[in-house]
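Structure file protein-v3.pdb (PDB, C-alpha atoms and all ligand atoms) is printed below.
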ATOM      1  CA  MET A   1       0.000   0.000   0.000
ATOM      2  CA  GLU A   2       1.149   3.566  -0.749
ATOM      3  CA  PHE A   3       1.486   5.859   2.274
ATOM      4  CA  ASP A   4       1.931   9.619   2.210
ATOM      5  CA  LEU A   5       4.252   9.301   5.159
ATOM      6  CA  THR A   6       7.796  10.356   5.913
ATOM      7  CA  ILE A   7       9.902   8.005   7.988
ATOM      8  CA  ARG A   8      12.421  10.029   9.975
ATOM      9  CA  PRO A   9      14.111  10.355  13.366
ATOM     10  CA  ALA A  10      11.821  11.801  16.041
ATOM     11  CA  ARG A  11      12.022  15.459  17.034
ATOM     12  CA  THR A  12      11.206  17.058  20.368
ATOM     13  CA  SER A  13       8.003  18.426  18.824
ATOM     14  CA  ASP A  14       6.842  14.807  18.160
ATOM     15  CA  ILE A  15       7.120  13.653  21.754
ATOM     16  CA  ALA A  16       3.532  14.343  22.868
ATOM     17  CA  LEU A  17       2.180  12.598  19.741
ATOM     18  CA  ILE A  18       4.506   9.639  20.215
ATOM     19  CA  HIS A  19       3.379   9.408  23.812
ATOM     20  CA  ASN A  20      -0.290   9.310  22.748
ATOM     21  CA  LEU A  21       0.372   6.658  20.115
ATOM     22  CA  VAL A  22       2.391   4.470  22.478
ATOM     23  CA  ASP A  23      -0.209   4.867  25.204
ATOM     24  CA  ALA A  24      -3.007   3.861  22.806
ATOM     25  CA  SER A  25      -1.002   0.799  21.782
ATOM     26  CA  PHE A  26      -1.087  -0.424  25.387
ATOM     27  CA  ASP A  27      -4.893  -0.700  25.127
ATOM     28  CA  GLN A  28      -4.464  -3.030  22.190
ATOM     29  CA  MET A  29      -1.789  -5.133  23.859
ATOM     30  CA  LYS A  30      -4.229  -6.725  26.321
ATOM     31  CA  PHE A  31      -1.848  -7.351  29.210
ATOM     32  CA  LEU A  32      -2.502 -10.413  31.328
ATOM     33  CA  ALA A  33      -2.273  -8.488  34.606
ATOM     34  CA  PRO A  34      -4.066  -5.131  35.043
ATOM     35  CA  GLU A  35      -1.034  -3.544  36.737
ATOM     36  CA  SER A  36       1.095  -4.210  33.637
ATOM     37  CA  ARG A  37      -0.478  -1.344  31.718
ATOM     38  CA  LYS A  38       0.409   1.114  34.479
ATOM     39  CA  SER A  39       3.919  -0.245  34.635
ATOM     40  CA  ARG A  40       4.284   0.237  30.857
ATOM     41  CA  GLN A  41       2.950   3.781  31.085
ATOM     42  CA  LYS A  42       5.648   4.520  33.647
ATOM     43  CA  SER A  43       8.364   2.946  31.501
ATOM     44  CA  PHE A  44       7.378   4.831  28.341
ATOM     45  CA  GLY A  45       6.431   8.141  29.954
ATOM     46  CA  LEU A  46       7.200  11.622  28.689
ATOM     47  CA  THR A  47      10.435  11.867  30.676
ATOM     48  CA  PHE A  48      11.735   8.645  29.159
ATOM     49  CA  LEU A  49      10.846   9.796  25.639
ATOM     50  CA  HIS A  50      12.537  13.170  26.140
ATOM     51  CA  ASN A  51      15.603  11.438  27.551
ATOM     52  CA  CYS A  52      15.759   9.209  24.476
ATOM     53  CA  LEU A  53      16.252  12.254  22.287
ATOM     54  CA  ALA A  54      18.965  13.526  24.590
ATOM     55  CA  VAL A  55      21.211  10.451  24.542
ATOM     56  CA  ASP A  56      23.241   9.019  21.682
ATOM     57  CA  ASP A  57      22.367   5.358  22.140
ATOM     58  CA  ALA A  58      18.588   5.763  21.860
ATOM     59  CA  ILE A  59      16.867   5.944  18.483
ATOM     60  CA  ILE A  60      13.234   6.865  17.922
ATOM     61  CA  LEU A  61      11.942   6.498  14.397
ATOM     62  CA  VAL A  62       8.555   7.903  13.416
ATOM     63  CA  ALA A  63       6.338   7.854  10.348
ATOM     64  CA  SER A  64       4.612  11.220  10.088
ATOM     65  CA  ASP A  65       1.941  12.414   7.671
ATOM     66  CA  PRO A  66       2.138  15.776   5.839
ATOM     67  CA  THR A  67       0.606  17.508   8.882
ATOM     68  CA  ASP A  68       3.283  15.955  11.141
ATOM     69  CA  ARG A  69       0.784  13.575  12.740
ATOM     70  CA  VAL A  70       2.747  10.605  14.049
ATOM     71  CA  ASP A  71       1.295   7.386  12.600
ATOM     72  CA  ALA A  72       3.944   4.891  13.641
ATOM     73  CA  VAL A  73       6.864   4.758  16.007
ATOM     74  CA  ALA A  74       9.743   2.443  16.843
ATOM     75  CA  ILE A  75      11.824   2.991  19.951
ATOM     76  CA  MET A  76      15.254   1.427  19.956
ATOM     77  CA  ARG A  77      18.525   1.308  21.803
ATOM     78  CA  TYR A  78      21.920   0.819  20.186
ATOM     79  CA  GLU A  79      24.675  -0.669  22.272
ATOM     80  CA  GLY A  80      27.752  -2.737  21.568
ATOM     81  CA  GLY A  81      26.963  -3.148  17.886
ATOM     82  CA  VAL A  82      23.466  -4.435  18.641
ATOM     83  CA  ILE A  83      20.085  -2.729  18.238
ATOM     84  CA  GLN A  84      17.265  -3.574  20.625
ATOM     85  CA  ILE A  85      13.741  -2.664  19.555
ATOM     86  CA  THR A  86      11.998  -1.823  22.830
ATOM     87  CA  HIS A  87       8.586  -0.797  21.487
ATOM     88  CA  ALA A  88       6.820  -0.346  18.184
ATOM     89  CA  ALA A  89       3.330   0.872  17.405
ATOM     90  CA  VAL A  90       1.306   1.655  14.297
ATOM     91  CA  ARG A  91      -1.850   3.815  14.544
ATOM     92  CA  PRO A  92      -4.759   1.331  14.890
ATOM     93  CA  GLY A  93      -6.579   2.488  11.719
ATOM     94  CA  LEU A  94      -3.397   1.996   9.682
ATOM     95  CA  GLN A  95      -2.487  -1.449  10.930
ATOM     96  CA  ARG A  96      -2.237  -4.504   8.701
ATOM     97  CA  LYS A  97      -1.456  -2.339   5.658
ATOM     98  CA  GLY A  98       2.281  -2.990   5.584
ATOM     99  CA  LEU A  99       3.528  -0.036   7.638
ATOM    100  CA  GLY A 100       5.048  -2.240  10.345
ATOM    101  CA  THR A 101       6.944  -4.112   7.619
ATOM    102  CA  ILE A 102       8.213  -0.862   6.089
ATOM    103  CA  PHE A 103       9.392   0.185   9.534
ATOM    104  CA  VAL A 104      11.248  -3.051  10.199
ATOM    105  CA  ARG A 105      13.024  -2.695   6.857
ATOM    106  CA  GLU A 106      13.934   0.878   7.731
ATOM    107  CA  ILE A 107      15.446  -0.424  10.964
ATOM    108  CA  PHE A 108      17.558  -2.838   8.882
ATOM    109  CA  LYS A 109      18.920   0.176   6.971
ATOM    110  CA  ILE A 110      19.724   1.981  10.231
ATOM    111  CA  ALA A 111      21.447  -1.143  11.520
ATOM    112  CA  LYS A 112      23.595  -1.321   8.376
ATOM    113  CA  SER A 113      24.468   2.377   8.575
ATOM    114  CA  LEU A 114      25.614   1.864  12.179
ATOM    115  CA  SER A 115      27.464  -1.360  11.273
ATOM    116  CA  ALA A 116      25.330  -3.149  13.861
ATOM    117  CA  HIS A 117      25.634  -6.913  13.641
ATOM    118  CA  LYS A 118      22.342  -7.843  15.276
ATOM    119  CA  ILE A 119      18.804  -6.589  15.939
ATOM    120  CA  TYR A 120      16.758  -8.097  18.723
ATOM    121  CA  GLY A 121      13.617  -7.612  20.736
ATOM    122  CA  PHE A 122      11.469  -9.340  23.311
ATOM    123  CA  ILE A 123       7.973 -10.260  22.159
ATOM    124  CA  ARG A 124       5.196 -11.378  24.500
ATOM    125  CA  THR A 125       4.075 -14.897  23.768
ATOM    126  CA  HIS A 126       0.507 -13.546  23.339
ATOM    127  CA  ASP A 127       1.564 -11.010  20.679
ATOM    128  CA  VAL A 128       0.826 -12.964  17.511
ATOM    129  CA  ALA A 129       1.032  -9.878  15.241
ATOM    130  CA  SER A 130       4.613  -9.042  16.268
ATOM    131  CA  GLN A 131       5.682 -12.690  16.091
ATOM    132  CA  MET A 132       4.298 -13.065  12.574
ATOM    133  CA  LEU A 133       5.926  -9.822  11.464
ATOM    134  CA  ALA A 134       9.280 -10.727  13.026
ATOM    135  CA  SER A 135       9.248 -14.212  11.572
ATOM    136  CA  ARG A 136       8.324 -12.947   8.095
ATOM    137  CA  GLU A 137      11.178 -10.432   8.198
ATOM    138  CA  GLY A 138      13.781 -13.060   9.040
ATOM    139  CA  PHE A 139      13.965 -12.894  12.833
ATOM    140  CA  SER A 140      14.346 -16.151  14.751
ATOM    141  CA  MET A 141      13.144 -16.965  18.218
ATOM    142  CA  VAL A 142      16.284 -17.686  20.225
ATOM    143  CA  ALA A 143      15.250 -17.760  23.872
ATOM    144  CA  SER A 144      12.224 -18.116  26.019
ATOM    145  CA  CYS A 145      11.858 -15.679  28.910
ATOM    146  CA  LYS A 146       9.242 -16.890  31.335
ATOM    147  CA  ARG A 147       7.594 -14.364  33.638
ATOM    148  CA  TRP A 148       9.866 -11.543  32.587
ATOM    149  CA  TRP A 149       8.715  -7.904  32.257
ATOM    150  CA  ASP A 150       5.610  -7.429  34.457
ATOM    151  CA  HIS A 151       5.630 -11.189  35.045
ATOM    152  CA  GLU A 152       4.514 -11.960  31.500
ATOM    153  CA  ASP A 153       6.024 -14.617  29.233
ATOM    154  CA  TYR A 154       8.243 -13.353  26.426
ATOM    155  CA  ALA A 155      10.509 -14.771  23.786
ATOM    156  CA  MET A 156      13.660 -13.138  22.491
ATOM    157  CA  TRP A 157      13.763 -12.739  18.708
ATOM    158  CA  GLU A 158      16.865 -11.765  16.808
ATOM    159  CA  LYS A 159      18.201 -11.258  13.318
ATOM    160  CA  GLY A 160      21.818 -11.016  12.234
ATOM    161  CA  ILE A 161      22.721  -8.183   9.871
TER
HETATM  162  C1  LIG B 201       2.650  -5.077  15.764
HETATM  163  C2  LIG B 201       2.357  -3.918  14.808
HETATM  164  C3  LIG B 201       3.431  -2.827  15.007
HETATM  165  C4  LIG B 201       2.415  -4.441  13.358
HETATM  166  O1  LIG B 201       2.263  -3.328  12.469
HETATM  167  P1  LIG B 201       1.421  -3.441  11.101
HETATM  168  O2  LIG B 201       1.610  -2.187  10.345
HETATM  169  O3  LIG B 201       0.017  -3.833  11.424
HETATM  170  O4  LIG B 201       2.177  -4.660  10.383
HETATM  171  P2  LIG B 201       2.077  -5.091   8.827
HETATM  172  O5  LIG B 201       0.837  -4.549   8.217
HETATM  173  O6  LIG B 201       3.354  -4.743   8.182
HETATM  174  O7  LIG B 201       1.900  -6.666   8.966
HETATM  175  C5  LIG B 201       2.929  -7.558   8.562
HETATM  176  C6  LIG B 201       2.552  -8.958   8.957
HETATM  177  O8  LIG B 201       2.497  -9.087  10.389
HETATM  178  C7  LIG B 201       1.445 -10.011  10.722
HETATM  179  N1  LIG B 201       0.377  -9.312  11.432
HETATM  180  C8  LIG B 201       0.198  -7.962  11.579
HETATM  181  N2  LIG B 201      -0.888  -7.724  12.317
HETATM  182  C9  LIG B 201      -1.413  -8.923  12.651
HETATM  183  C10 LIG B 201      -2.518  -9.337  13.424
HETATM  184  N3  LIG B 201      -3.323  -8.455  14.029
HETATM  185  N4  LIG B 201      -2.739 -10.673  13.570
HETATM  186  C11 LIG B 201      -1.934 -11.574  13.000
HETATM  187  N5  LIG B 201      -0.846 -11.241  12.244
HETATM  188  C12 LIG B 201      -0.604  -9.945  12.080
HETATM  189  C13 LIG B 201       0.938 -10.579   9.414
HETATM  190  O9  LIG B 201       1.746 -11.671   9.073
HETATM  191  C14 LIG B 201       1.194  -9.411   8.490
HETATM  192  O10 LIG B 201       1.239  -9.776   7.143
HETATM  193  P3  LIG B 201      -0.135  -9.940   6.291
HETATM  194  O11 LIG B 201      -0.972  -8.724   6.588
HETATM  195  O12 LIG B 201       0.346  -9.991   4.870
HETATM  196  O13 LIG B 201      -0.758 -11.205   6.775
HETATM  197  C15 LIG B 201       0.926  -3.356  15.054
HETATM  198  O14 LIG B 201       0.010  -4.420  15.038
HETATM  199  C16 LIG B 201       0.755  -2.600  16.368
HETATM  200  O15 LIG B 201       1.064  -1.414  16.460
HETATM  201  N6  LIG B 201       0.235  -3.274  17.411
HETATM  202  C17 LIG B 201      -0.049  -2.619  18.697
HETATM  203  C18 LIG B 201       1.223  -2.367  19.489
HETATM  204  C19 LIG B 201       2.032  -3.614  19.678
HETATM  205  O16 LIG B 201       1.522  -4.683  19.977
HETATM  206  N7  LIG B 201       3.342  -3.457  19.505
HETATM  207  C20 LIG B 201       4.264  -4.538  19.637
HETATM  208  C21 LIG B 201       4.785  -4.648  20.999
HETATM  209  S1  LIG B 201       6.330  -3.859  21.134
END
Re-express the file's structure as structure tokens.
Ligand SMILES: CC(C)(COP(=O)(O)OP(=O)(O)OC[C@H]1O[C@@H](n2cnc3c(N)ncnc32)[C@H](O)[C@@H]1OP(=O)(O)O)[C@@H](O)C(=O)NCCC(=O)NCCS
Amino acid sequence: MEFDLTIRPARTSDIALIHNLVDASFDQMKFLAPESRKSRQKSFGLTFLHNCLAVDDAIILVASDPTDRVDAVAIMRYEGGVIQITHAAVRPGLQRKGLGTIFVREIFKIAKSLSAHKIYGFIRTHDVASQMLASREGFSMVASCKRWWDHEDYAMWEKGI
């Protein structure tokens, strides 16, 4: 599908919109325990997002429309030649149209430009959408992490670059 979107690094002026998008994604994620949503909100709060833009090892990529509305976001950390994707979200009305795939491929380009040798992320075992996307884009499940973040079950997925 064709999108009239620009994929670019986040700016300070995007932070409130990113925060809204990330927060809305938590509704969709259907956490097993009710306290998990609150814990996520704390982890991905405004202070965290502002700090990401202030440090060299954090990368926030957004897809914005011509009015600068943020329609997708990926939050990453780059350390020791490895990129960790910590959260990704596509605006609900735009999901399942290929934007997540475009984003993942953009992350591959970033990884190459940084000479990173690996990309990884932790995916909840209930998150079928992310697992399907990761698997289709060449990630492999390499470890099982039982009762990890907020006591939920995750698996670690990685792809060599
Ligand atoms: C996960 C997410 C980022 C995927 O983005 P997207 O733009 O919908 O992904 P794409 O359209 O590129 O989908 C690519 C493939 O992923 C899989 N997929 C995506 N959404 C799916 C769903 N709801 N159910 C099952 N598979 C799904 C499919 O294999 C799909 O290919 P297909 O449409 O040809 O079958 C998006 O669903 C989202 O924002 N979810 C809410 C937040 C979240 O759960 N984030 C991940 C936790 S960090």
Practice prompt. Write out as a ChimeraX atom specification which residues come within 12 Å of Lys30 in chain A when counting all atoms listed in the file, dropping same-chain ones fewer than 5 positions away.
Written response: /A:24-25,35-37,40,124-128,152
Worksheet item: Using only C-alpha atoms and all ligand atoms, which protein or nucleic acid residues are at most 10 Å from ligand LIG 201 (chain B), as a PyMOL selection string?
Response: chain A and resi 1+21-30+71-75+85-105+121-124+126-137
Worksheet item: Quick one: of A:Pro34, A:Gly45, A:Pro9, A:Gly160, who's nearest to His117 in chain A, counting all atoms listed in the file?
Response: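 Closest to His117 in chain A, using all atoms listed in the file: A:Gly160.
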Practice prompt. Using the chain letters and numbering of this document, enumerate as number ranges by chain the residues selected by the PyMOL selection byres (((chain A and resi 50-59) around 6) and not hetatm).
Written response: A: 47-49, 60, 76-78
Worksheet item: Expressed in Å to a single decimal, how great is the separation between CA of Tyr154 in chain A and CA of Ile83 in chain A?
Response: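 Pair CA of Tyr154 in chain A / CA of Ile83 in chain A returns 17.9 Å.
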